[in-house]
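Undergrad: Here you go, work15.cif (mmCIF, C-alpha atoms):
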data_protein
#
loop_
_atom_site.label_atom_id
_atom_site.label_comp_id
_atom_site.auth_asym_id
_atom_site.auth_seq_id
_atom_site.Cartn_x
_atom_site.Cartn_y
_atom_site.Cartn_z
CA ARG A 288 -23.22 -14.85 13.07
CA LYS A 289 -21.10 -12.34 15.01
CA SER A 290 -17.95 -10.42 14.10
CA ALA A 291 -15.30 -8.36 15.85
CA SER A 292 -12.65 -6.14 14.28
CA THR A 293 -10.80 -3.03 15.44
CA ASP A 294 -7.22 -1.83 15.13
CA ASP A 295 -6.45 -2.93 18.72
CA ASP A 296 -6.17 -6.67 19.34
CA GLY A 297 -7.04 -6.20 23.01
CA GLU A 298 -10.33 -4.57 22.06
CA VAL A 299 -11.07 -7.44 19.65
CA ALA A 300 -10.56 -9.96 22.45
CA ASP A 301 -12.72 -7.87 24.80
CA THR A 302 -15.51 -7.85 22.19
CA LEU A 303 -15.31 -11.61 21.74
CA LEU A 304 -15.50 -12.19 25.48
CA HIS A 305 -18.48 -9.84 25.63
CA ILE A 306 -20.26 -11.84 22.92
CA LEU A 307 -19.57 -15.12 24.72
CA GLN A 308 -20.99 -13.66 27.90
CA LEU A 309 -24.17 -12.11 26.48
CA ASP A 310 -25.11 -14.43 23.62
CA PRO A 311 -24.89 -18.12 24.52
CA ASP A 312 -26.70 -19.09 21.30
CA TRP A 313 -24.05 -17.82 18.86
CA SER A 314 -23.06 -20.25 16.09
CA VAL A 315 -20.32 -18.49 14.10
CA ILE A 316 -17.95 -15.73 15.20
CA THR A 317 -15.38 -14.08 12.96
CA ALA A 318 -12.67 -11.86 14.40
CA SER A 319 -9.83 -9.88 12.84
CA PHE A 320 -6.70 -9.28 14.89
CA ASN A 321 -5.21 -6.41 12.88
CA GLY A 322 -2.22 -5.60 15.06
CA ILE A 323 0.21 -7.69 13.03
CA HIS A 324 -0.91 -6.17 9.74
CA ASN A 325 -0.63 -2.67 11.17
CA ALA A 326 2.87 -3.45 12.44
CA ILE A 327 4.21 -4.48 9.03
CA THR A 328 2.53 -1.66 7.08
CA HIS A 329 3.66 1.10 9.43
CA GLY A 330 6.90 1.65 7.52
CA ILE A 331 10.44 0.45 8.14
CA GLU A 332 12.84 2.80 9.88
CA SER A 333 15.40 -0.02 10.10
CA GLN A 334 15.30 -3.80 9.96
CA SER A 335 15.88 -4.11 13.72
CA LEU A 336 13.02 -1.72 14.58
CA TYR A 337 10.78 -3.56 12.11
CA ASN A 338 11.63 -6.92 13.72
CA ASN A 339 10.98 -5.56 17.22
CA ARG A 340 7.64 -4.05 16.19
CA LEU A 341 6.56 -7.28 14.51
CA SER A 342 7.62 -9.40 17.51
CA ARG A 343 5.58 -7.23 19.88
CA ALA A 344 2.54 -7.44 17.61
CA LEU A 345 2.83 -11.24 17.37
CA MET A 346 3.10 -11.62 21.14
CA LYS A 347 0.09 -9.38 21.72
CA ALA A 348 -2.05 -11.26 19.18
CA ASP A 349 -1.04 -14.57 20.76
CA GLU A 350 -1.86 -13.27 24.23
CA GLN A 351 -5.29 -11.96 23.20
CA LEU A 352 -6.22 -15.12 21.31
CA GLY A 353 -5.17 -17.06 24.40
CA ARG A 354 -7.64 -15.05 26.50
CA VAL A 355 -10.46 -16.12 24.19
CA LEU A 356 -9.41 -19.77 24.16
CA ARG A 357 -9.26 -19.86 27.95
CA ALA A 358 -12.77 -18.41 28.15
CA LEU A 359 -14.07 -21.06 25.76
CA GLU A 360 -12.35 -23.76 27.80
CA GLU A 361 -13.80 -22.43 31.06
CA LYS A 362 -17.29 -22.51 29.52
CA ASN A 363 -16.65 -26.15 28.55
CA ILE A 364 -17.44 -25.54 24.87
CA LEU A 365 -13.96 -25.53 23.34
CA GLN A 366 -14.25 -29.25 22.54
CA ASP A 367 -17.42 -28.62 20.52
CA LEU A 368 -15.95 -25.99 18.21
CA LEU A 369 -14.16 -25.79 14.92
CA LEU A 370 -11.54 -23.09 15.39
CA VAL A 371 -9.79 -21.70 12.31
CA VAL A 372 -6.88 -19.26 12.57
CA THR A 373 -5.49 -17.87 9.34
CA ALA A 374 -4.10 -14.71 7.77
CA SER A 375 -5.61 -12.24 5.33
CA GLY A 376 -2.65 -12.65 3.01
CA GLY A 377 0.97 -13.64 2.86
CA GLY A 378 3.84 -11.34 2.06
CA GLN A 379 7.50 -11.24 1.22
CA HIS A 380 10.42 -8.97 1.98
CA ASN A 381 11.58 -7.55 -1.34
CA ASP A 382 15.35 -7.91 -1.26
CA HIS A 383 15.25 -6.56 -4.81
CA LEU A 384 12.99 -3.52 -4.68
CA HIS A 385 12.85 -1.94 -8.13
CA ASP A 386 12.20 1.71 -8.74
CA ALA A 387 8.96 2.54 -10.55
CA ARG A 388 11.09 4.39 -13.10
CA SER A 389 12.03 0.94 -14.44
CA LEU A 390 8.51 0.80 -15.90
CA GLN A 391 8.97 3.97 -17.95
CA PRO A 392 9.93 2.17 -21.21
CA LEU A 393 6.55 0.45 -21.09
CA LEU A 394 4.50 3.42 -19.93
CA SER A 395 5.99 5.74 -22.55
CA THR A 396 4.74 3.57 -25.43
CA GLY A 397 1.19 4.86 -25.10
CA MET A 398 -0.10 1.29 -24.92
CA VAL A 399 -0.91 1.41 -21.19
CA SER A 400 -4.06 2.94 -19.75
CA GLN A 401 -3.58 1.81 -16.13
CA THR A 402 -1.04 -0.08 -14.06
CA ALA A 403 -0.64 -1.57 -10.56
CA ALA A 404 2.68 -2.58 -9.05
CA ASP A 405 3.60 -4.59 -5.94
CA SER A 406 5.13 -8.09 -5.88
CA ALA A 407 3.57 -8.49 -9.35
CA LEU A 408 2.88 -6.07 -12.17
CA ARG A 409 -0.55 -5.62 -13.77
CA PHE A 410 -1.23 -3.62 -16.91
CA TRP A 411 -4.48 -2.56 -18.59
CA LEU A 412 -3.89 -1.76 -22.26
CA ASN A 413 -5.60 0.65 -24.63
CA ASN A 414 -5.77 -2.07 -27.29
CA THR A 415 -5.90 -5.84 -26.80
CA ASP A 416 -5.15 -7.14 -30.28
CA MET A 417 -2.44 -9.77 -30.73
CA GLU A 418 0.03 -7.31 -32.27
CA THR A 419 -0.20 -5.05 -29.19
CA PHE A 420 0.20 -8.03 -26.87
CA SER A 421 3.29 -9.20 -28.76
CA ARG A 422 4.93 -5.78 -28.75
CA PHE A 423 4.11 -5.18 -25.10
CA THR A 424 5.26 -8.56 -23.78
CA ALA A 425 8.52 -8.26 -25.75
CA LEU A 426 9.27 -5.03 -23.85
CA ALA A 427 8.05 -6.45 -20.51
CA ARG A 428 10.52 -9.33 -20.74
CA GLU A 429 13.34 -6.82 -20.26
CA LEU A 430 12.08 -5.64 -16.86
CA PRO A 431 14.15 -6.64 -13.79
CA GLY A 432 12.91 -9.69 -11.88
CA VAL A 433 10.47 -11.07 -14.46
CA ALA A 434 9.50 -14.73 -13.91
CA GLU A 435 6.50 -15.09 -16.23
CA ILE A 436 4.20 -12.98 -18.39
CA TYR A 437 0.52 -13.79 -18.92
CA VAL A 438 -2.05 -12.11 -21.14
CA ARG A 439 -5.80 -12.26 -20.59
CA GLN A 440 -7.93 -14.03 -23.16
CA GLN A 441 -11.65 -13.33 -23.26
CA THR A 442 -13.85 -16.06 -24.76
CA GLY A 443 -17.51 -15.16 -24.47
CA LYS A 444 -18.15 -14.65 -20.76
CA SER A 445 -15.03 -16.58 -19.72
CA SER A 446 -11.66 -15.01 -18.94
CA HIS A 447 -8.40 -16.94 -18.80
CA TYR A 448 -4.74 -16.03 -18.60
CA ILE A 449 -2.42 -17.52 -21.22
CA ARG A 450 1.31 -17.65 -20.58
CA HIS A 451 3.39 -15.78 -23.16
CA TYR A 452 6.79 -16.04 -21.50
CA ARG A 453 8.60 -17.94 -18.75
CA ASN A 454 12.12 -17.12 -17.59
CA PRO A 455 14.04 -20.42 -17.84
CA ASP A 456 15.68 -19.64 -14.49
CA ASN A 457 12.23 -19.83 -12.82
CA ASN A 458 11.18 -23.29 -14.01
CA THR A 459 10.41 -24.58 -10.49
CA PRO A 460 7.55 -26.88 -9.39
CA TRP A 461 5.90 -23.92 -7.62
CA VAL A 462 5.99 -21.78 -10.75
CA LYS A 463 4.69 -24.57 -13.00
CA THR A 464 1.79 -25.67 -10.78
CA GLU A 465 0.78 -22.70 -8.63
CA HIS A 466 1.23 -19.72 -10.94
CA PRO A 467 -1.57 -20.87 -13.31
CA ASN A 468 -3.85 -21.54 -10.33
CA PHE A 469 -3.16 -18.05 -8.98
CA LEU A 470 -3.95 -16.45 -12.33
CA GLU A 471 -7.25 -18.31 -12.67
CA THR A 472 -8.48 -16.86 -9.36
CA MET A 473 -8.06 -13.31 -10.64
CA ALA A 474 -9.22 -13.72 -14.25
CA SER A 475 -12.30 -11.66 -15.08
CA ARG A 476 -13.49 -9.25 -17.74
CA SER A 477 -12.23 -6.29 -15.70
CA SER A 478 -8.87 -7.76 -14.58
CA ALA A 479 -5.53 -6.70 -16.04
CA ASP A 480 -4.80 -7.42 -19.69
CA VAL A 481 -1.19 -8.35 -18.92
CA VAL A 482 0.16 -9.75 -15.65
CA VAL A 483 3.91 -9.90 -15.04
CA LEU A 484 4.78 -12.33 -12.26
CA LEU A 485 8.06 -11.68 -10.50
CA SER A 486 10.76 -13.90 -9.05
CA ASP A 487 11.18 -14.46 -5.32
CA GLY A 488 12.30 -11.34 -3.47
CA HIS A 489 11.47 -8.98 -6.33
CA GLY A 490 8.90 -6.18 -6.08
CA TYR A 491 7.95 -2.75 -7.38
CA GLY A 492 5.85 -1.58 -4.43
CA SER A 493 7.12 -1.38 -0.86
CA PRO A 494 9.91 -3.29 0.94
CA ASP A 495 7.35 -5.75 2.31
CA ASP A 496 4.64 -6.53 -0.17
CA GLN A 497 1.70 -8.65 -1.25
CA GLY A 498 -0.13 -9.18 -4.52
CA GLY A 499 2.14 -11.57 -6.39
CA ALA A 500 2.38 -15.32 -6.86
CA GLN A 501 5.63 -15.95 -5.01
CA LYS A 502 5.55 -18.82 -2.52
CA ALA A 503 6.09 -16.47 0.44
CA VAL A 504 3.11 -14.38 -0.66
CA GLN A 505 0.71 -17.21 -1.46
CA ARG A 506 1.46 -19.75 1.28
CA ILE A 507 -0.90 -18.45 3.94
CA PRO A 508 -0.76 -20.10 7.39
CA LEU A 509 -3.90 -22.02 8.32
CA PHE A 510 -4.46 -23.59 11.75
CA PHE A 511 -7.40 -25.83 12.66
CA LEU A 512 -8.54 -27.00 16.08
CA ALA A 513 -11.48 -29.43 16.17
CA PRO A 514 -12.58 -32.64 17.92
CA ASN A 515 -11.21 -35.82 16.33
CA LEU A 516 -9.25 -33.84 13.76
CA THR A 517 -7.19 -36.15 11.54
CA LEU A 518 -3.78 -34.85 10.53
CA ARG A 519 -2.44 -35.45 7.03
CA LYS A 520 0.84 -34.11 5.73
CA LEU A 521 0.49 -32.39 2.38
CA PRO A 522 3.27 -32.65 -0.22
CA ASP A 523 5.63 -29.69 -0.27
CA ILE A 524 5.65 -27.72 -3.51
#
Take the structure I supplied and represent it as structure tokens, if you would.

TA:
Amino acid sequence: RKSASTDDDGEVADTLLHILQLDPDWSVITASFNGIHNAITHGIESQSLYNNRLSRALMKADEQLGRVLRALEEKNILQDLLLVVTASGGGQHNDHLHDARSLQPLLSTGMVSQTAADSALRFWLNNTDMETFSRFTALARELPGVAEIYVRQQTGKSSHYIRHYRNPDNNTPWVKTEHPNFLETMASRSSADVVVLLSDGHGYGSPDDQGGAQKAVQRIPLFFLAPNLTLRKLPDI
């Protein structure tokens, strides 16, 4: 197994080509083209500059991946591969970016020991009895952009998130089916005691953010290229 990852997509492609040249017996290669991620986390001077920077990063990543594909084709091995292209995570532009000061009514209660905020809110509490959960979730419902509130339930070695509140304006198929799945992937003894999932376009971190359960954040692009690959359209949620 080989891997290649630097902050420059051109260097990643060069490394891949070097591996193909020197090691004909490779079986798995993983590569991270980080240029796109770096472009969107650099900061936004204006929307037009952000769009231009992202477009340049996309074109460079496409160009460098094309170099690798051409090399595989020239070596006559492209048809024998399973190629997977995906992203490390999705993201959304927060049209409604809320100031962290909005959390002060919760933080000033003394119930919170730690918090994390992006396109979802996560709280670790000093006490996890039902009375504390009830008081805390009642306050959390008043935060801007709340879609759902879940609390963590620990049963033996198993952790699960139980929904305590759903905004009736967010009763969509995505919310009903995918939000519970998302919560199950993060449930553990050390995960947040309360998770506040936010509506589309809402965030408490940066203008472009990850971390939540919104469709734009969770629907990660996935591209497969393989011999005799059968295509099947999945239902849209």

Undergrad: Have a look at A:Asn325, A:Thr302, A:Ser478, A:Asn363 and name the one nearest to Leu341 in chain A; count only C-alpha atoms.

TA: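 Among A:Asn325, A:Thr302, A:Ser478, A:Asn363, it is A:Asn325 that comes nearest to Leu341 in chain A.
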
Undergrad: With the file shown as input, list the residues that the PyMOL selection byres ((chain A and resi 391-404) around 8) selects, as a ChimeraX atom specification.

TA: /A:387-390,405-414,419,423,426-427,490-492

Undergrad: Output C-alpha atoms for every residue in the selection just made, as an mmCIF file, keeping the file's coordinate frame.

TA:
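File produced: again.cif:
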data_model
loop_
_atom_site.group_PDB
_atom_site.id
_atom_site.type_symbol
_atom_site.label_atom_id
_atom_site.label_comp_id
_atom_site.auth_asym_id
_atom_site.auth_seq_id
_atom_site.Cartn_x
_atom_site.Cartn_y
_atom_site.Cartn_z
ATOM 1 C CA ALA A 387 8.960 2.540 -10.550
ATOM 2 C CA ARG A 388 11.090 4.390 -13.100
ATOM 3 C CA SER A 389 12.030 0.940 -14.440
ATOM 4 C CA LEU A 390 8.510 0.800 -15.900
ATOM 5 C CA ASP A 405 3.600 -4.590 -5.940
ATOM 6 C CA SER A 406 5.130 -8.090 -5.880
ATOM 7 C CA ALA A 407 3.570 -8.490 -9.350
ATOM 8 C CA LEU A 408 2.880 -6.070 -12.170
ATOM 9 C CA ARG A 409 -0.550 -5.620 -13.770
ATOM 10 C CA PHE A 410 -1.230 -3.620 -16.910
ATOM 11 C CA TRP A 411 -4.480 -2.560 -18.590
ATOM 12 C CA LEU A 412 -3.890 -1.760 -22.260
ATOM 13 C CA ASN A 413 -5.600 0.650 -24.630
ATOM 14 C CA ASN A 414 -5.770 -2.070 -27.290
ATOM 15 C CA THR A 419 -0.200 -5.050 -29.190
ATOM 16 C CA PHE A 423 4.110 -5.180 -25.100
ATOM 17 C CA LEU A 426 9.270 -5.030 -23.850
ATOM 18 C CA ALA A 427 8.050 -6.450 -20.510
ATOM 19 C CA GLY A 490 8.900 -6.180 -6.080
ATOM 20 C CA TYR A 491 7.950 -2.750 -7.380
ATOM 21 C CA GLY A 492 5.850 -1.580 -4.430
#

Undergrad: For a test of reading the model, state the distance in Å between CA of Arg506 in chain A and CA of Ala474 in chain A, rounded to one decimal.

TA: 19.8 Å

Undergrad: Measuring between only C-alpha atoms, which one of A:Ala425, A:Ile306, A:Val433, A:Val372 shows the shortest distance to Leu484 in chain A?

TA: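 That would be A:Val433, the residue with the smallest distance to Leu484 in chain A.
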
Undergrad: Quick one: distance from CA of Leu356 in chain A to CA of Ala503 in chain A in Å, one decimal?

TA: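 Calculated distance between CA of Leu356 in chain A and CA of Ala503 in chain A is 28.5 Å.
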